[in-house]
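Text of the file coords.cif, holding mmCIF, C-alpha atoms and all ligand atoms:
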data_final
loop_
_atom_site.label_atom_id
_atom_site.label_comp_id
_atom_site.auth_asym_id
_atom_site.auth_seq_id
_atom_site.Cartn_x
_atom_site.Cartn_y
_atom_site.Cartn_z
CA MET A 1 12.75 -12.57 1.21
CA LYS A 2 14.39 -10.15 3.61
CA HIS A 3 13.71 -6.44 3.60
CA ARG A 4 16.74 -4.21 3.80
CA LYS A 5 16.35 -0.57 4.69
CA SER A 6 18.52 0.51 1.77
CA SER A 7 16.64 -1.44 -0.88
CA PRO A 8 13.82 0.33 -2.74
CA PRO A 9 10.29 -1.09 -2.57
CA LEU A 10 9.13 -3.43 -5.33
CA CYS A 11 6.43 -2.30 -7.72
CA GLU A 12 3.25 -4.05 -6.59
CA PHE A 13 2.30 -4.86 -10.18
CA CYS A 14 5.63 -5.53 -11.95
CA LYS A 15 7.61 -6.94 -8.99
CA VAL A 16 10.68 -4.90 -9.94
CA PRO A 17 12.59 -2.45 -7.69
CA MET A 18 11.19 1.05 -7.96
CA ARG A 19 13.44 4.04 -8.54
CA ILE A 20 13.51 7.49 -7.05
CA ILE A 21 11.89 10.08 -9.31
CA HIS A 22 12.74 13.74 -8.90
CA GLY A 23 9.42 15.45 -9.44
CA ARG A 24 8.94 19.18 -9.67
CA ASN A 25 7.96 19.57 -6.04
CA ARG A 26 9.01 16.35 -4.40
CA LYS A 27 10.81 13.07 -4.80
CA PHE A 28 8.92 9.80 -4.90
CA TYR A 29 9.32 6.18 -5.94
CA GLY A 30 8.19 5.41 -9.48
CA CYS A 31 7.98 2.15 -11.39
CA PRO A 32 10.79 1.77 -13.97
CA ASN A 33 8.15 0.49 -16.40
CA PHE A 34 6.53 3.91 -16.61
CA PRO A 35 4.54 4.89 -18.69
CA THR A 36 3.16 1.34 -19.07
CA CYS A 37 2.92 1.12 -15.29
CA LYS A 38 2.08 4.30 -13.42
CA HIS A 39 2.53 2.95 -9.91
CA THR A 40 4.17 5.38 -7.48
CA LEU A 41 4.85 5.39 -3.76
CA PRO A 42 5.81 8.13 -1.31
CA LEU A 43 9.51 8.26 -0.60
CA SER A 44 8.78 8.03 3.12
CA LEU A 45 8.16 4.35 2.42
CA GLY A 46 11.93 3.85 2.34
CA ILE A 47 12.90 4.52 5.95
CA PRO A 48 11.47 3.52 8.32
CA MET A 49 9.82 0.52 6.69
CA GLY A 50 7.15 -0.23 9.26
CA ILE A 51 6.96 -3.94 10.04
CA PRO A 52 7.58 -6.24 7.07
CA HIS A 53 4.89 -8.89 6.85
CA GLU A 54 7.16 -11.83 7.65
CA ASP A 55 8.28 -10.12 10.88
CA ALA A 56 4.82 -9.02 11.96
CA GLY A 57 3.08 -10.68 14.89
CA ASN A 58 -0.11 -12.71 14.53
CA ASN A 59 -2.21 -9.81 15.69
CA VAL A 60 -0.84 -7.52 12.97
CA LYS A 61 -1.22 -10.25 10.36
CA ALA A 62 -4.84 -10.78 11.35
CA LEU A 63 -5.50 -7.03 11.17
CA ARG A 64 -3.85 -6.85 7.74
CA ARG A 65 -6.02 -9.72 6.52
CA GLU A 66 -9.07 -7.84 7.73
CA VAL A 67 -7.97 -4.66 5.92
CA HIS A 68 -7.43 -6.66 2.72
CA ARG A 69 -10.84 -8.26 3.11
CA LEU A 70 -12.49 -4.86 3.50
CA LEU A 71 -10.52 -3.33 0.62
CA ASN A 72 -11.61 -6.19 -1.63
CA GLN A 73 -15.23 -5.49 -0.82
CA ILE A 74 -14.83 -1.93 -2.04
CA TRP A 75 -12.39 -2.39 -4.93
CA ASP A 76 -11.98 -5.47 -7.13
CA TYR A 77 -8.30 -6.34 -6.82
CA ASP A 78 -8.28 -8.32 -10.08
CA ASN A 79 -9.45 -5.30 -12.03
CA LEU A 80 -6.45 -3.09 -12.82
CA GLU A 81 -8.45 0.13 -12.79
CA GLN A 82 -10.14 -0.77 -9.51
CA ARG A 83 -6.81 -1.79 -8.03
CA GLY A 84 -5.35 1.57 -9.05
CA LYS A 85 -8.18 3.32 -7.22
CA MET A 86 -7.51 1.21 -4.16
CA TYR A 87 -3.83 2.13 -4.11
CA ARG A 88 -4.63 5.81 -4.62
CA TRP A 89 -6.94 5.65 -1.64
CA LEU A 90 -4.29 3.87 0.47
CA LYS A 91 -1.65 6.40 -0.56
CA LYS A 92 -3.89 9.27 0.42
CA ASN A 93 -5.15 7.79 3.66
CA THR A 94 -2.29 5.78 5.10
CA LYS A 95 1.33 6.52 5.91
CA TYR A 96 2.95 3.90 3.70
CA GLY A 97 0.29 3.29 1.09
CA HIS A 98 0.71 -0.45 1.50
CA VAL A 99 -1.16 -2.75 3.82
CA SER A 100 1.93 -4.95 4.13
CA MET A 101 3.79 -2.04 5.74
CA MET A 102 1.08 -0.80 8.08
CA LYS A 103 1.63 -0.95 11.82
CA GLU A 104 -0.94 -2.16 14.31
CA SER A 105 -2.01 1.37 15.30
CA GLU A 106 -2.56 2.38 11.70
CA LEU A 107 -4.44 -0.82 10.86
CA LYS A 108 -6.74 -0.19 13.83
CA ARG A 109 -7.30 3.35 12.63
CA VAL A 110 -8.10 2.32 9.04
CA ILE A 111 -10.41 -0.63 9.75
CA PRO A 112 -13.37 1.41 11.08
CA VAL A 113 -12.97 3.84 8.16
CA LEU A 114 -13.15 0.96 5.69
CA GLN A 115 -16.07 -0.60 7.54
CA VAL A 116 -18.04 2.61 7.02
CA MET A 117 -17.03 2.65 3.34
CA VAL A 118 -18.11 -0.98 2.89
CA GLY A 119 -21.41 -0.10 4.51
CA LEU A 120 -21.93 2.82 2.13
CA HIS A 121 -20.78 0.68 -0.79
CA SER A 122 -23.40 -1.99 -0.20
CA ILE A 123 -26.37 0.42 -0.11
ZN ZN A 201 5.19 -1.31 -12.21
#
For the file at hand, write its structure as C-alpha cells.
Ligand SMILES: [Zn+2]
Amino acid sequence: MKHRKSSPPLCEFCKVPMRIIHGRNRKFYGCPNFPTCKHTLPLSLGIPMGIPHEDAGNNVKALRREVHRLLNQIWDYDNLEQRGKMYRWLKKNTKYGHVSMMKESELKRVIPVLQVMVGLHSI
C-alpha cells in the first residue's frame, strides 16, 4: 500500500479513512464510525507524513519495533481500553501519535522515556 500525501490516515481500529472534524477550537481527524469508535488524530499527521513504514530504513524499523515492544509492556494492545490509553499517551507525547510515522530522531527520544515507564510499571 502506498501512502499519498493527500489521502487521510486510516483509523487504526476500523481501517477506514478518517475524516476532518471541525472542532470548536481546532480541526482534527476523526473516525467516521464515531461514536462507536472514538479514535482521533492530530491534523498535522496529514502533511508531512514522516516516513511510512515500507519506506523506512532498517534502523528506523528496528527502533519502531523496540518502541512497540516497550509500549506493549506498559499497555496491553489486545485490550481496547488499554490500547486507547496507549494512543492517548502517544498523541500527547509524540508528533504524529503513531509509531509507524515516527522518525528516527523521535524514536530515539521516546525510547528512553518508555524505558523509564516500563521500569516504573514493573515495580
Ligand atoms: Zn475507527
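Compared by their closest atoms to ligand ZN 201 (chain A), and using all atoms listed in the file, the residues A:Leu43, A:Met102, A:Leu10, A:Leu80 rank with A:Leu10 nearest.
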For ligand ZN 201 (chain A), collect every residue having any atom at a distance of at most 7 Å from a ligand atom (counting all atoms listed in the file); output as a ChimeraX atom specification.
-> /A:11-16,31-34,37-39
Just the number, please: distance in Å from atom CA of Leu41 of chain A to atom CA of Gly97 of chain A, one decimal.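 Between atom CA of Leu41 of chain A and atom CA of Gly97 of chain A the gap is 7.0 Å.
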Looking at A:Ile21, A:Met86, A:Leu120, A:Ile111, which one is nearest to Arg65 of chain A, with distances taken over only C-alpha atoms?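 Residue with the minimum atom-to-atom distance to Arg65 of chain A: A:Ile111.
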**OP:** Go through A:Leu90, A:Val67, A:Pro42, A:Ile74 one by one, measure the shortest atom-to-atom distance of each to Lys27 of chain A using all atoms listed in the file, and give the residue with the smallest value.
**Re:**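 Ranked by minimum distance to Lys27 of chain A, first place goes to A:Pro42.
If you measure from each of A:Gly23, A:Val110, A:His68, A:Val60 to Lys92 of chain A using all atoms listed in the file, the closest one turns out to be A:Val110.
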Notebook entry, point to check: How many Å lie between atom CA of Tyr77 of chain A and atom CA of His98 of chain A, rounded to one decimal?
Noted result: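 Computing it gives 13.6 Å between the two atoms.
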What separates atom CA of Ser100 of chain A and atom CA of Leu70 of chain A is a distance of 14.4 Å
